[in-house]
file target.cif (mmCIF, C-alpha atoms and all ligand atoms)
data_upload
#
loop_
_atom_site.label_atom_id
_atom_site.label_comp_id
_atom_site.auth_asym_id
_atom_site.auth_seq_id
_atom_site.Cartn_x
_atom_site.Cartn_y
_atom_site.Cartn_z
CA MET A 3 -68.75 -46.60 -38.61
CA TYR A 4 -71.53 -44.02 -38.21
CA GLU A 5 -72.35 -43.98 -41.96
CA ARG A 6 -73.05 -47.71 -41.59
CA LEU A 7 -75.63 -46.91 -38.94
CA TYR A 8 -77.67 -44.75 -41.30
CA LYS A 9 -77.04 -46.59 -44.58
CA GLU A 10 -78.10 -49.94 -43.10
CA ASN A 11 -80.98 -48.07 -41.42
CA LEU A 12 -80.84 -50.21 -38.37
CA PRO A 13 -84.24 -50.58 -36.64
CA TYR A 14 -84.74 -47.33 -34.78
CA ASP A 15 -84.51 -48.90 -31.35
CA GLY A 16 -81.10 -50.34 -32.11
CA VAL A 17 -79.30 -47.11 -32.93
CA SER A 18 -79.03 -45.55 -29.46
CA ILE A 19 -78.04 -48.86 -27.97
CA VAL A 20 -75.27 -49.24 -30.55
CA PHE A 21 -73.85 -45.92 -29.43
CA MET A 22 -73.67 -47.05 -25.83
CA GLU A 23 -72.32 -50.45 -26.82
CA LEU A 24 -69.54 -48.64 -28.69
CA LEU A 25 -68.91 -46.55 -25.60
CA LEU A 26 -68.72 -49.60 -23.38
CA PHE A 27 -66.63 -51.53 -25.82
CA TYR A 28 -64.03 -48.75 -25.68
CA LEU A 29 -64.45 -48.69 -21.90
CA ILE A 30 -63.77 -52.39 -21.47
CA LEU A 31 -60.89 -52.14 -23.95
CA GLY A 32 -59.58 -49.35 -21.66
CA ILE A 33 -59.73 -51.55 -18.59
CA SER A 34 -58.15 -54.51 -20.28
CA HIS A 35 -55.12 -52.39 -21.11
CA VAL A 36 -54.83 -51.43 -17.45
CA ASN A 37 -54.86 -54.92 -16.02
CA CYS A 38 -53.18 -56.69 -18.88
CA SER A 39 -49.82 -56.63 -17.09
CA SER A 40 -51.19 -58.15 -13.88
CA LEU A 41 -53.25 -60.89 -15.46
CA GLY A 42 -51.53 -61.02 -18.90
CA CYS A 43 -54.84 -61.38 -20.72
CA SER A 44 -57.40 -58.89 -22.05
CA PHE A 45 -61.18 -59.04 -21.95
CA GLU A 46 -62.76 -61.28 -24.57
CA GLU A 47 -66.38 -60.77 -25.66
CA MET A 48 -68.65 -63.71 -24.90
CA PRO A 49 -70.85 -64.98 -27.80
CA THR A 50 -74.33 -63.79 -26.75
CA ASN A 51 -76.13 -64.44 -30.05
CA ARG A 52 -78.77 -66.72 -28.48
CA TYR A 53 -81.79 -65.17 -26.78
CA VAL A 54 -83.34 -68.65 -26.23
CA GLU A 55 -81.59 -70.58 -23.48
CA SER A 56 -82.30 -73.76 -21.49
CA SER A 57 -83.24 -73.44 -17.82
CA PHE A 58 -80.14 -75.58 -17.21
CA TRP A 59 -77.59 -72.94 -18.32
CA ASN A 60 -79.74 -69.97 -17.19
CA PHE A 61 -80.45 -71.31 -13.68
CA ASP A 62 -79.33 -74.87 -12.68
CA ALA A 63 -75.67 -74.49 -13.72
CA LEU A 64 -75.66 -71.27 -11.63
CA PHE A 65 -76.79 -73.29 -8.55
CA GLN A 66 -80.17 -71.46 -8.64
CA PRO A 67 -82.65 -73.92 -7.04
CA GLN A 68 -85.65 -75.10 -9.09
CA GLN A 69 -88.16 -73.64 -6.59
CA HIS A 70 -86.53 -70.18 -6.72
CA PRO A 71 -89.24 -67.52 -7.37
CA ALA A 72 -87.34 -66.12 -10.39
CA ARG A 73 -87.89 -69.49 -12.10
CA ASP A 74 -91.63 -69.25 -12.44
CA SER A 75 -93.49 -67.72 -15.33
CA HIS A 76 -94.21 -64.56 -13.32
CA ASP A 77 -90.61 -63.49 -13.83
CA THR A 78 -89.43 -65.59 -16.78
CA PHE A 79 -90.71 -66.00 -20.37
CA PHE A 80 -90.82 -69.78 -21.00
CA LEU A 81 -91.14 -71.02 -24.62
CA LYS A 82 -94.07 -73.04 -25.99
CA THR A 83 -92.10 -74.24 -29.03
CA PRO A 84 -89.44 -75.48 -28.79
CA SER A 85 -90.46 -75.97 -25.15
CA THR A 86 -87.47 -78.17 -24.19
CA THR A 87 -83.75 -78.24 -24.98
CA MET A 88 -82.27 -80.97 -27.24
CA GLN A 89 -79.06 -81.89 -25.50
CA LEU A 90 -77.02 -81.22 -22.36
CA PRO A 91 -73.58 -82.60 -21.30
CA GLU A 92 -74.87 -85.66 -19.37
CA ASP A 93 -71.91 -86.21 -17.01
CA TYR A 94 -71.92 -82.54 -15.99
CA VAL A 95 -75.73 -82.54 -15.57
CA GLU A 96 -75.35 -85.44 -13.12
CA ARG A 97 -72.86 -83.44 -11.02
CA VAL A 98 -75.20 -80.40 -11.04
CA LYS A 99 -78.07 -82.63 -9.91
CA GLN A 100 -75.88 -83.94 -7.06
CA VAL A 101 -74.80 -80.53 -5.81
CA HIS A 102 -78.42 -79.23 -5.83
CA GLU A 103 -79.78 -82.32 -4.03
CA SER A 104 -77.03 -83.19 -1.54
CA GLY A 105 -74.16 -80.71 -1.95
CA GLY A 106 -70.47 -81.66 -2.00
CA TYR A 107 -67.33 -79.44 -2.27
CA GLY A 108 -67.98 -78.34 1.35
CA SER A 109 -71.65 -77.50 0.64
CA ARG A 110 -74.72 -79.35 1.94
CA GLY A 111 -76.71 -78.37 -1.16
CA TYR A 112 -80.46 -77.58 -1.11
CA ASN A 113 -81.74 -81.03 -0.11
CA TYR A 114 -84.65 -81.24 -2.64
CA GLU A 115 -85.50 -83.63 -5.47
CA TRP A 116 -83.94 -82.07 -8.63
CA LYS A 117 -86.02 -82.64 -11.80
CA ARG A 118 -84.42 -83.05 -15.25
CA GLU A 119 -87.61 -81.93 -17.02
CA GLU A 120 -87.42 -78.60 -15.16
CA ALA A 121 -83.84 -78.04 -16.38
CA ASN A 122 -84.86 -78.90 -19.93
CA LYS A 123 -87.38 -76.05 -20.20
CA ASN A 124 -86.46 -73.41 -22.80
CA LEU A 125 -86.81 -69.73 -21.93
CA LEU A 126 -85.80 -66.24 -23.02
CA ARG A 127 -82.56 -65.70 -21.03
CA THR A 128 -83.13 -63.57 -17.92
CA HIS A 129 -79.45 -62.58 -17.69
CA THR A 130 -76.28 -62.85 -19.77
CA THR A 131 -74.87 -64.77 -16.80
CA ALA A 132 -76.35 -67.77 -18.69
CA ILE A 133 -73.59 -67.25 -21.26
CA SER A 134 -71.00 -66.87 -18.48
CA SER A 135 -71.96 -70.35 -17.18
CA ARG A 136 -71.52 -71.85 -20.67
CA MET A 137 -68.15 -70.11 -21.18
CA LEU A 138 -66.86 -71.14 -17.75
CA TYR A 139 -67.92 -74.77 -18.33
CA LYS A 140 -66.03 -74.73 -21.65
CA LEU A 141 -62.98 -73.21 -19.90
CA ALA A 142 -63.09 -75.94 -17.22
CA GLN A 143 -63.27 -78.63 -19.91
CA ASP A 144 -60.35 -76.96 -21.66
CA THR A 145 -58.43 -76.87 -18.39
CA LYS A 146 -58.70 -80.66 -18.10
CA GLN A 147 -57.05 -81.00 -21.56
CA ASN A 148 -54.45 -78.23 -21.59
CA GLY A 149 -54.10 -76.91 -18.01
CA PHE A 150 -55.64 -73.74 -16.59
CA THR A 151 -55.26 -70.29 -18.22
CA PRO A 152 -56.65 -67.11 -16.57
CA LYS A 153 -59.51 -65.50 -18.52
CA LYS A 154 -61.40 -62.19 -18.59
CA TYR A 155 -64.77 -62.10 -20.36
CA PHE A 156 -67.43 -59.48 -20.96
CA SER A 157 -70.87 -59.43 -22.57
CA ILE A 158 -73.33 -56.70 -23.54
CA ASP A 159 -76.66 -57.95 -24.88
CA ARG A 160 -80.42 -58.22 -24.44
CA VAL A 161 -82.03 -60.05 -21.53
CA PHE A 162 -85.73 -60.63 -20.89
CA ARG A 163 -87.69 -60.45 -17.62
CA ASN A 164 -91.45 -60.72 -17.23
CA GLU A 165 -91.49 -57.58 -15.07
CA ALA A 166 -93.87 -54.68 -14.57
CA VAL A 167 -93.01 -52.03 -17.15
CA ASP A 168 -92.44 -48.52 -15.82
CA ARG A 169 -90.40 -45.37 -16.57
CA THR A 170 -87.10 -47.19 -16.04
CA HIS A 171 -87.99 -50.84 -16.66
CA LEU A 172 -89.09 -52.70 -19.83
CA ALA A 173 -89.59 -56.47 -20.23
CA GLU A 174 -86.21 -56.49 -21.94
CA PHE A 175 -83.03 -54.51 -21.36
CA HIS A 176 -79.34 -54.78 -22.15
CA GLN A 177 -77.14 -56.32 -19.49
CA ILE A 178 -73.44 -55.56 -19.21
CA GLU A 179 -71.46 -58.32 -17.51
CA GLY A 180 -67.77 -58.71 -16.73
CA LEU A 181 -65.95 -61.65 -15.16
CA ILE A 182 -62.35 -62.53 -14.33
CA CYS A 183 -61.33 -66.15 -13.72
CA ASP A 184 -57.98 -66.84 -12.04
CA ARG A 185 -56.29 -68.66 -9.16
CA GLY A 186 -56.57 -67.11 -5.69
CA LEU A 187 -58.82 -64.14 -6.63
CA THR A 188 -60.41 -62.46 -3.60
CA LEU A 189 -63.17 -59.96 -2.77
CA GLY A 190 -60.36 -57.36 -2.66
CA HIS A 191 -59.64 -58.01 -6.34
CA LEU A 192 -63.34 -57.60 -7.14
CA ILE A 193 -63.57 -54.26 -5.29
CA GLY A 194 -60.38 -53.04 -7.03
CA VAL A 195 -61.68 -53.97 -10.49
CA LEU A 196 -65.09 -52.37 -9.78
CA GLU A 197 -63.46 -49.13 -8.66
CA ASP A 198 -61.40 -49.08 -11.87
CA PHE A 199 -64.37 -50.02 -14.11
CA PHE A 200 -66.79 -47.41 -12.71
CA LYS A 201 -64.09 -44.69 -12.48
CA ARG A 202 -63.89 -44.97 -16.26
CA LEU A 203 -67.67 -44.49 -16.40
CA GLY A 204 -67.11 -41.27 -14.49
CA MET A 205 -68.25 -42.80 -11.20
CA SER A 206 -65.94 -42.88 -8.19
CA ASN A 207 -66.75 -42.67 -4.46
CA LEU A 208 -68.39 -46.10 -4.50
CA ARG A 209 -70.12 -47.92 -1.66
CA PHE A 210 -70.65 -51.68 -1.53
CA LYS A 211 -73.70 -53.18 0.21
CA PRO A 212 -73.83 -56.91 1.03
CA ALA A 213 -76.48 -58.56 -1.20
CA TYR A 214 -77.72 -62.04 -2.17
CA ASN A 215 -77.58 -63.86 -5.50
CA PRO A 216 -78.08 -67.68 -5.70
CA TYR A 217 -74.88 -67.95 -7.77
CA THR A 218 -72.45 -65.67 -5.89
CA GLU A 219 -71.23 -65.61 -2.29
CA PRO A 220 -70.23 -63.01 -1.12
CA SER A 221 -72.42 -60.70 -3.25
CA MET A 222 -72.46 -56.89 -3.28
CA GLU A 223 -74.75 -54.20 -4.65
CA ILE A 224 -72.70 -51.23 -5.86
CA PHE A 225 -73.69 -47.63 -5.15
CA SER A 226 -72.23 -44.31 -6.34
CA TYR A 227 -73.03 -40.87 -4.97
CA HIS A 228 -74.61 -38.89 -7.83
CA GLU A 229 -73.92 -35.16 -7.27
CA GLY A 230 -76.71 -34.17 -9.69
CA PHE A 231 -79.34 -36.27 -7.92
CA GLY A 232 -77.78 -35.50 -4.54
CA LYS A 233 -78.22 -39.15 -3.56
CA TRP A 234 -76.63 -42.60 -3.69
CA VAL A 235 -77.60 -44.45 -6.91
CA GLU A 236 -77.49 -48.26 -7.23
CA ILE A 237 -75.18 -48.76 -10.21
CA GLY A 238 -74.83 -52.53 -10.33
CA ASN A 239 -74.45 -55.91 -8.68
CA SER A 240 -71.46 -58.24 -8.23
CA GLY A 241 -70.00 -61.23 -6.43
CA MET A 242 -67.78 -64.30 -6.39
CA PHE A 243 -69.27 -67.35 -8.15
CA ARG A 244 -70.02 -70.12 -5.64
CA PRO A 245 -67.93 -73.33 -5.48
CA GLU A 246 -71.24 -75.19 -5.98
CA MET A 247 -71.23 -73.60 -9.46
CA LEU A 248 -67.50 -73.85 -10.31
CA GLN A 249 -66.51 -77.23 -8.82
CA PRO A 250 -69.07 -79.39 -10.72
CA MET A 251 -67.67 -77.72 -13.90
CA GLY A 252 -64.30 -79.28 -13.06
CA PHE A 253 -62.19 -76.25 -12.07
CA PRO A 254 -59.16 -76.75 -9.80
CA GLU A 255 -59.96 -75.93 -6.12
CA ASP A 256 -58.05 -72.61 -6.05
CA VAL A 257 -59.62 -71.15 -9.20
CA ARG A 258 -61.95 -68.25 -8.33
CA VAL A 259 -64.26 -66.11 -10.49
CA ILE A 260 -65.18 -62.49 -9.69
CA ALA A 261 -68.08 -61.05 -11.69
CA TRP A 262 -70.27 -57.97 -11.93
CA GLY A 263 -73.22 -56.68 -13.91
CA LEU A 264 -75.25 -53.57 -14.65
CA SER A 265 -77.71 -52.38 -17.25
CA LEU A 266 -76.90 -50.38 -20.37
CA GLU A 267 -80.10 -48.35 -20.34
CA ARG A 268 -79.75 -46.84 -16.84
CA PRO A 269 -76.38 -45.13 -17.39
CA THR A 270 -77.50 -44.09 -20.90
CA MET A 271 -80.68 -42.47 -19.56
CA ILE A 272 -78.72 -40.58 -16.90
CA LEU A 273 -75.86 -39.53 -19.18
CA TYR A 274 -78.19 -38.38 -21.98
CA GLY A 275 -80.80 -36.97 -19.58
CA ILE A 276 -83.49 -39.30 -20.95
CA ASP A 277 -86.37 -39.53 -18.46
CA ASN A 278 -88.35 -42.46 -19.89
CA ILE A 279 -86.71 -45.70 -21.05
CA ARG A 280 -89.25 -45.89 -23.93
CA ASP A 281 -87.57 -42.82 -25.46
CA LEU A 282 -84.27 -44.72 -25.48
CA PHE A 283 -85.27 -48.25 -26.45
CA GLY A 284 -88.23 -49.31 -28.54
CA HIS A 285 -90.46 -48.11 -31.38
CA ARG A 286 -90.88 -44.64 -29.87
CA VAL A 287 -87.19 -43.72 -30.24
CA ASP A 288 -86.83 -40.42 -32.08
CA LEU A 289 -84.06 -40.91 -34.64
CA ASP A 290 -83.33 -37.18 -34.77
CA LEU A 291 -82.46 -37.34 -31.08
CA ILE A 292 -79.99 -40.08 -31.94
CA LYS A 293 -78.57 -38.20 -34.94
CA LYS A 294 -77.89 -35.06 -32.95
CA SER A 295 -76.76 -36.76 -29.74
CA PRO A 296 -72.95 -36.73 -29.57
CA LEU A 297 -71.24 -39.92 -28.48
CA CYS A 298 -70.36 -39.14 -24.84
CA LEU A 299 -66.83 -40.41 -24.41
CA ILE A 300 -66.93 -40.12 -20.60
CA GLY A 301 -63.66 -41.09 -18.96
CA ILE A 302 -62.16 -42.19 -22.26
CA LYS A 303 -58.95 -40.26 -22.93
O1 LIG A 401 -77.52 -50.59 -13.98
C1 LIG A 401 -77.94 -50.29 -12.89
N1 LIG A 401 -77.85 -49.04 -12.35
C2 LIG A 401 -77.10 -47.98 -12.93
C3 LIG A 401 -75.91 -48.21 -13.61
C4 LIG A 401 -75.14 -47.12 -14.08
C5 LIG A 401 -75.57 -45.84 -13.88
O2 LIG A 401 -74.75 -44.86 -14.40
C6 LIG A 401 -75.09 -43.53 -14.22
C7 LIG A 401 -74.27 -42.68 -15.11
C8 LIG A 401 -74.32 -42.53 -13.65
C9 LIG A 401 -76.77 -45.58 -13.17
C10 LIG A 401 -77.54 -46.67 -12.69
N2 LIG A 401 -78.56 -51.24 -12.08
C11 LIG A 401 -78.56 -52.61 -12.48
C12 LIG A 401 -79.08 -50.88 -10.73
C13 LIG A 401 -80.55 -50.57 -10.72
O3 LIG A 401 -80.89 -49.78 -11.83
C14 LIG A 401 -81.47 -51.80 -10.65
O4 LIG A 401 -82.68 -51.32 -10.12
C15 LIG A 401 -81.86 -52.40 -11.97
N3 LIG A 401 -80.91 -53.34 -12.40
C16 LIG A 401 -81.27 -54.24 -13.49
C17 LIG A 401 -81.92 -55.50 -13.11
O5 LIG A 401 -83.24 -55.15 -12.72
C18 LIG A 401 -83.96 -56.19 -12.37
C19 LIG A 401 -79.77 -52.90 -13.23
C20 LIG A 401 -79.89 -54.21 -13.97
C21 LIG A 401 -78.94 -55.27 -13.50
C22 LIG A 401 -78.88 -55.73 -12.22
C23 LIG A 401 -77.94 -56.71 -11.87
C24 LIG A 401 -77.08 -57.24 -12.82
C25 LIG A 401 -77.16 -56.77 -14.10
C26 LIG A 401 -78.08 -55.79 -14.47
C27 LIG A 401 -76.11 -58.22 -12.45
C28 LIG A 401 -75.32 -59.01 -12.13
C29 LIG A 401 -74.32 -59.98 -11.73
C30 LIG A 401 -74.04 -60.17 -10.38
C31 LIG A 401 -73.07 -61.11 -10.00
C32 LIG A 401 -72.40 -61.84 -10.99
C33 LIG A 401 -72.69 -61.65 -12.33
C34 LIG A 401 -73.67 -60.71 -12.71
#

call {"tool": "encode", "arguments": {"input": "target.cif", "output": "structure tokens", "more": "lines below"}}
Ligand code: FB9
result
Amino acid sequence: MYERLYKENLPYDGVSIVFMELLLFYLILGISHVNCSSLGCSFEEMPTNRYVESSFWNFDALFQPQQHPARDSHDTFFLKTPSTTMQLPEDYVERVKQVHESGGYGSRGYNYEWKREEANKNLLRTHTTAISSRMLYKLAQDTKQNGFTPKKYFSIDRVFRNEAVDRTHLAEFHQIEGLICDRGLTLGHLIGVLEDFFKRLGMSNLRFKPAYNPYTEPSMEIFSYHEGFGKWVEIGNSGMFRPEMLQPMGFPEDVRVIAWGLSLERPTMILYGIDNIRDLFGHRVDLDLIKKSPLCLIGIK
């Protein structure tokens, strides 16, 4: 495995990330073994090989309103060419339009005029949750044919945000996302899974702070007390996908989805003691640092 890294001389910035991806892959494998009995399925990796996404799957399908600040070019990289997406599932788009404009499924929606041309705009995905929306829509379609099967998905890949660059933020970073889709899941299940997930990253003693995401309700920011820093560190975000997102997809009423996300760079910087994100990701990465940095198998027996 490691020989491949050097023989194929991956672009410098990719090497360190590969290490952490390996780490996380093992981590998620670890978790899937734990819960396999209860949910009888293990985590499957979502296909994230598409940086360019339509606003529809990145925002509208997630019930994120078209006037939401994250949807303007201050936060999002929109494409000049191809500026608009080719095709969307028309019947589903109509249901998304409805739920944004006038609600349904117990929601009163956002009461604004939803524009197709806005949903057609292509962009560099701002989160891998755009892939989660595609995968969940496919699962709902599949459910209509062959009945519902519980699923656990994860993704680890690049996302792009037109943000101010500083010591810990670049205009692109790697997002880690996990989701579990099953009947009758509750916030208790989410908290249990998060405690298991982060314990394997060497983080226990978690605190959960109510938060807001357009696509999850309830939502929680996750904090862990970091002995070294002597303070509580925000280690991720999470929530239960809203019925306004899941019902238009066609899921049965009692199907729930718990999901969570964090970055790959933040834990890597802290675990490897890297102070500036540019030393971890980008053209300034020192390959020697990578060569001599052992793979830290935290929490992996
Ligand atoms: O990674 C983050 N923090 C972190 C994680 C691990 C860690 O490990 C140390 C070894 C001990 C340390 C820190 N964060 C998420 C928290 C902050 O860093 C935050 O300021 C920056 N966040 C990024 C987004 O910034 C705009 C980190 C990134 C992030 C935030 C949210 C999600 C994903 C990545 C999400 C999500 C989500 C929520 C609900 C449903 C589905 C996905």

call {"tool": "residues_near_ligand", "arguments": {"input": "target.cif", "ligand": "ligand LIG 401 (chain A)", "cutoff": "8 Å", "atoms": "all atoms listed in the file", "output": "ChimeraX atom specification"}}
result
/A:129-131,163,170-171,176-181,203-205,215,217-218,221-222,226,228,235-243,260-273

call {"tool": "residues_around", "arguments": {"input": "target.cif", "residues": "Phe175 in chain A", "least_positions_apart": "3", "cutoff": "7 Å", "atoms": "all atoms listed in the file", "output": "list in words"}}
result
Arg160, Val161, Phe162, Leu172 and Glu267 of chain A

call {"tool": "residues_around", "arguments": {"input": "target.cif", "residues": "Ala63 in chain A", "least_positions_apart": "3", "cutoff": "12 Å", "atoms": "all atoms listed in the file", "output": "mmCIF file with C-alpha atoms, in the coordinates of the input"}}
result
data_model
loop_
_atom_site.group_PDB
_atom_site.id
_atom_site.type_symbol
_atom_site.label_atom_id
_atom_site.label_comp_id
_atom_site.auth_asym_id
_atom_site.auth_seq_id
_atom_site.Cartn_x
_atom_site.Cartn_y
_atom_site.Cartn_z
ATOM 1 C CA SER A 56 -82.300 -73.760 -21.490
ATOM 2 C CA SER A 57 -83.240 -73.440 -17.820
ATOM 3 C CA PHE A 58 -80.140 -75.580 -17.210
ATOM 4 C CA TRP A 59 -77.590 -72.940 -18.320
ATOM 5 C CA ASN A 60 -79.740 -69.970 -17.190
ATOM 6 C CA GLN A 66 -80.170 -71.460 -8.640
ATOM 7 C CA PRO A 67 -82.650 -73.920 -7.040
ATOM 8 C CA GLN A 68 -85.650 -75.100 -9.090
ATOM 9 C CA LEU A 90 -77.020 -81.220 -22.360
ATOM 10 C CA PRO A 91 -73.580 -82.600 -21.300
ATOM 11 C CA TYR A 94 -71.920 -82.540 -15.990
ATOM 12 C CA VAL A 95 -75.730 -82.540 -15.570
ATOM 13 C CA GLU A 96 -75.350 -85.440 -13.120
ATOM 14 C CA ARG A 97 -72.860 -83.440 -11.020
ATOM 15 C CA VAL A 98 -75.200 -80.400 -11.040
ATOM 16 C CA LYS A 99 -78.070 -82.630 -9.910
ATOM 17 C CA GLN A 100 -75.880 -83.940 -7.060
ATOM 18 C CA VAL A 101 -74.800 -80.530 -5.810
ATOM 19 C CA HIS A 102 -78.420 -79.230 -5.830
ATOM 20 C CA ALA A 121 -83.840 -78.040 -16.380
ATOM 21 C CA ASN A 122 -84.860 -78.900 -19.930
ATOM 22 C CA THR A 131 -74.870 -64.770 -16.800
ATOM 23 C CA ALA A 132 -76.350 -67.770 -18.690
ATOM 24 C CA ILE A 133 -73.590 -67.250 -21.260
ATOM 25 C CA SER A 134 -71.000 -66.870 -18.480
ATOM 26 C CA SER A 135 -71.960 -70.350 -17.180
ATOM 27 C CA ARG A 136 -71.520 -71.850 -20.670
ATOM 28 C CA MET A 137 -68.150 -70.110 -21.180
ATOM 29 C CA LEU A 138 -66.860 -71.140 -17.750
ATOM 30 C CA TYR A 139 -67.920 -74.770 -18.330
ATOM 31 C CA PRO A 216 -78.080 -67.680 -5.700
ATOM 32 C CA TYR A 217 -74.880 -67.950 -7.770
ATOM 33 C CA PHE A 243 -69.270 -67.350 -8.150
ATOM 34 C CA ARG A 244 -70.020 -70.120 -5.640
ATOM 35 C CA PRO A 245 -67.930 -73.330 -5.480
ATOM 36 C CA GLU A 246 -71.240 -75.190 -5.980
ATOM 37 C CA MET A 247 -71.230 -73.600 -9.460
ATOM 38 C CA LEU A 248 -67.500 -73.850 -10.310
ATOM 39 C CA GLN A 249 -66.510 -77.230 -8.820
ATOM 40 C CA PRO A 250 -69.070 -79.390 -10.720
ATOM 41 C CA MET A 251 -67.670 -77.720 -13.900
#

call {"tool": "closest_residue", "arguments": {"input": "target.cif", "among": "A:Ile292, A:Val167, A:Ala213, A:Met88", "to": "Glu119 in chain A", "atoms": "all atoms listed in the file"}}
result
A:Met88

call {"tool": "atom_distance", "arguments": {"input": "target.cif", "atom1": "CA of Phe210 in chain A", "atom2": "CA of Asp198 in chain A"}}
result
14.1 Å

call {"tool": "atom_distance", "arguments": {"input": "target.cif", "atom1": "CA of Thr188 in chain A", "atom2": "CA of Lys146 in chain A"}}
result
23.3 Å

call {"tool": "closest_residue", "arguments": {"input": "target.cif", "among": "A:Tyr107, A:Phe156, A:Tyr227, A:Phe80", "to": "Thr128 in chain A", "atoms": "only C-alpha atoms"}}
result
A:Phe80

call {"tool": "residues_around", "arguments": {"input": "target.cif", "residues": "range 147-153 of chain A", "least_positions_apart": "4", "cutoff": "7 Å", "atoms": "all atoms listed in the file", "output": "NGL selection string"}}
result
:A and (43 or 143 or 182-184)

call {"tool": "atom_distance", "arguments": {"input": "target.cif", "atom1": "CA of Ile224 in chain A", "atom2": "CA of Gly190 in chain A"}}
result
14.1 Å

call {"tool": "closest_residue", "arguments": {"input": "target.cif", "among": "A:Leu192, A:Ala166, A:Asp62, A:Glu174", "to": "Lys117 in chain A", "atoms": "all atoms listed in the file"}}
result
A:Asp62

call {"tool": "axis_aligned_box", "arguments": {"input": "target.cif", "around": "range 270-280 of chain A", "padding_each_side": "4 Å", "output": "lines of an AutoDock Vina configuration file"}}
result
center_x = -82.6
center_y = -41.4
center_z = -20.4
size_x = 21.4
size_y = 16.9
size_z = 15.0

call {"tool": "build_atoms", "arguments": {"input": "target.cif", "residues": "range 207-212 of chain A", "atoms": "all heavy atoms", "output": "PDB file, in the frame of the given file"}}
result
ATOM      1  N   ASN A 207     -66.009 -42.777  -5.718  1.00  0.00           N
ATOM      2  CA  ASN A 207     -66.750 -42.670  -4.460  1.00  0.00           C
ATOM      3  C   ASN A 207     -67.844 -43.734  -4.416  1.00  0.00           C
ATOM      4  O   ASN A 207     -69.037 -43.434  -4.396  1.00  0.00           O
ATOM      5  CB  ASN A 207     -67.348 -41.246  -4.348  1.00  0.00           C
ATOM      6  CG  ASN A 207     -68.051 -41.042  -3.026  1.00  0.00           C
ATOM      7  OD1 ASN A 207     -68.079 -41.960  -2.197  1.00  0.00           O
ATOM      8  ND2 ASN A 207     -68.698 -39.901  -2.865  1.00  0.00           N
ATOM      9  N   LEU A 208     -67.432 -44.989  -4.498  1.00  0.00           N
ATOM     10  CA  LEU A 208     -68.390 -46.100  -4.500  1.00  0.00           C
ATOM     11  C   LEU A 208     -68.643 -46.613  -3.093  1.00  0.00           C
ATOM     12  O   LEU A 208     -67.817 -46.445  -2.188  1.00  0.00           O
ATOM     13  CB  LEU A 208     -67.830 -47.259  -5.358  1.00  0.00           C
ATOM     14  CG  LEU A 208     -67.491 -46.968  -6.823  1.00  0.00           C
ATOM     15  CD1 LEU A 208     -67.071 -48.260  -7.513  1.00  0.00           C
ATOM     16  CD2 LEU A 208     -68.652 -46.307  -7.537  1.00  0.00           C
ATOM     17  N   ARG A 209     -69.804 -47.202  -2.913  1.00  0.00           N
ATOM     18  CA  ARG A 209     -70.120 -47.920  -1.660  1.00  0.00           C
ATOM     19  C   ARG A 209     -70.597 -49.307  -2.044  1.00  0.00           C
ATOM     20  O   ARG A 209     -71.277 -49.457  -3.070  1.00  0.00           O
ATOM     21  CB  ARG A 209     -71.229 -47.199  -0.884  1.00  0.00           C
ATOM     22  CG  ARG A 209     -70.725 -46.114   0.067  1.00  0.00           C
ATOM     23  CD  ARG A 209     -71.798 -45.720   1.062  1.00  0.00           C
ATOM     24  NE  ARG A 209     -71.351 -44.597   1.900  1.00  0.00           N
ATOM     25  CZ  ARG A 209     -72.220 -43.793   2.526  1.00  0.00           C
ATOM     26  NH1 ARG A 209     -73.531 -43.986   2.366  1.00  0.00           N
ATOM     27  NH2 ARG A 209     -71.777 -42.807   3.274  1.00  0.00           N
ATOM     28  N   PHE A 210     -70.262 -50.306  -1.236  1.00  0.00           N
ATOM     29  CA  PHE A 210     -70.650 -51.680  -1.530  1.00  0.00           C
ATOM     30  C   PHE A 210     -71.556 -52.191  -0.411  1.00  0.00           C
ATOM     31  O   PHE A 210     -71.211 -52.089   0.764  1.00  0.00           O
ATOM     32  CB  PHE A 210     -69.396 -52.556  -1.648  1.00  0.00           C
ATOM     33  CG  PHE A 210     -68.452 -52.088  -2.729  1.00  0.00           C
ATOM     34  CD1 PHE A 210     -67.328 -51.321  -2.423  1.00  0.00           C
ATOM     35  CD2 PHE A 210     -68.718 -52.364  -4.054  1.00  0.00           C
ATOM     36  CE1 PHE A 210     -66.481 -50.855  -3.415  1.00  0.00           C
ATOM     37  CE2 PHE A 210     -67.880 -51.907  -5.065  1.00  0.00           C
ATOM     38  CZ  PHE A 210     -66.761 -51.152  -4.747  1.00  0.00           C
ATOM     39  N   LYS A 211     -72.719 -52.701  -0.791  1.00  0.00           N
ATOM     40  CA  LYS A 211     -73.700 -53.180   0.210  1.00  0.00           C
ATOM     41  C   LYS A 211     -73.856 -54.687   0.036  1.00  0.00           C
ATOM     42  O   LYS A 211     -74.109 -55.156  -1.078  1.00  0.00           O
ATOM     43  CB  LYS A 211     -75.044 -52.468  -0.049  1.00  0.00           C
ATOM     44  CG  LYS A 211     -76.183 -52.882   0.868  1.00  0.00           C
ATOM     45  CD  LYS A 211     -77.393 -51.964   0.644  1.00  0.00           C
ATOM     46  CE  LYS A 211     -78.653 -52.571   1.256  1.00  0.00           C
ATOM     47  NZ  LYS A 211     -79.612 -52.988   0.192  1.00  0.00           N
ATOM     48  N   PRO A 212     -73.661 -55.458   1.146  1.00  0.00           N
ATOM     49  CA  PRO A 212     -73.830 -56.910   1.030  1.00  0.00           C
ATOM     50  C   PRO A 212     -75.187 -57.223   0.397  1.00  0.00           C
ATOM     51  O   PRO A 212     -76.181 -56.563   0.689  1.00  0.00           O
ATOM     52  CB  PRO A 212     -73.767 -57.407   2.480  1.00  0.00           C
ATOM     53  CG  PRO A 212     -73.036 -56.317   3.216  1.00  0.00           C
ATOM     54  CD  PRO A 212     -73.385 -55.033   2.505  1.00  0.00           C
TER      55      PRO A 212
END
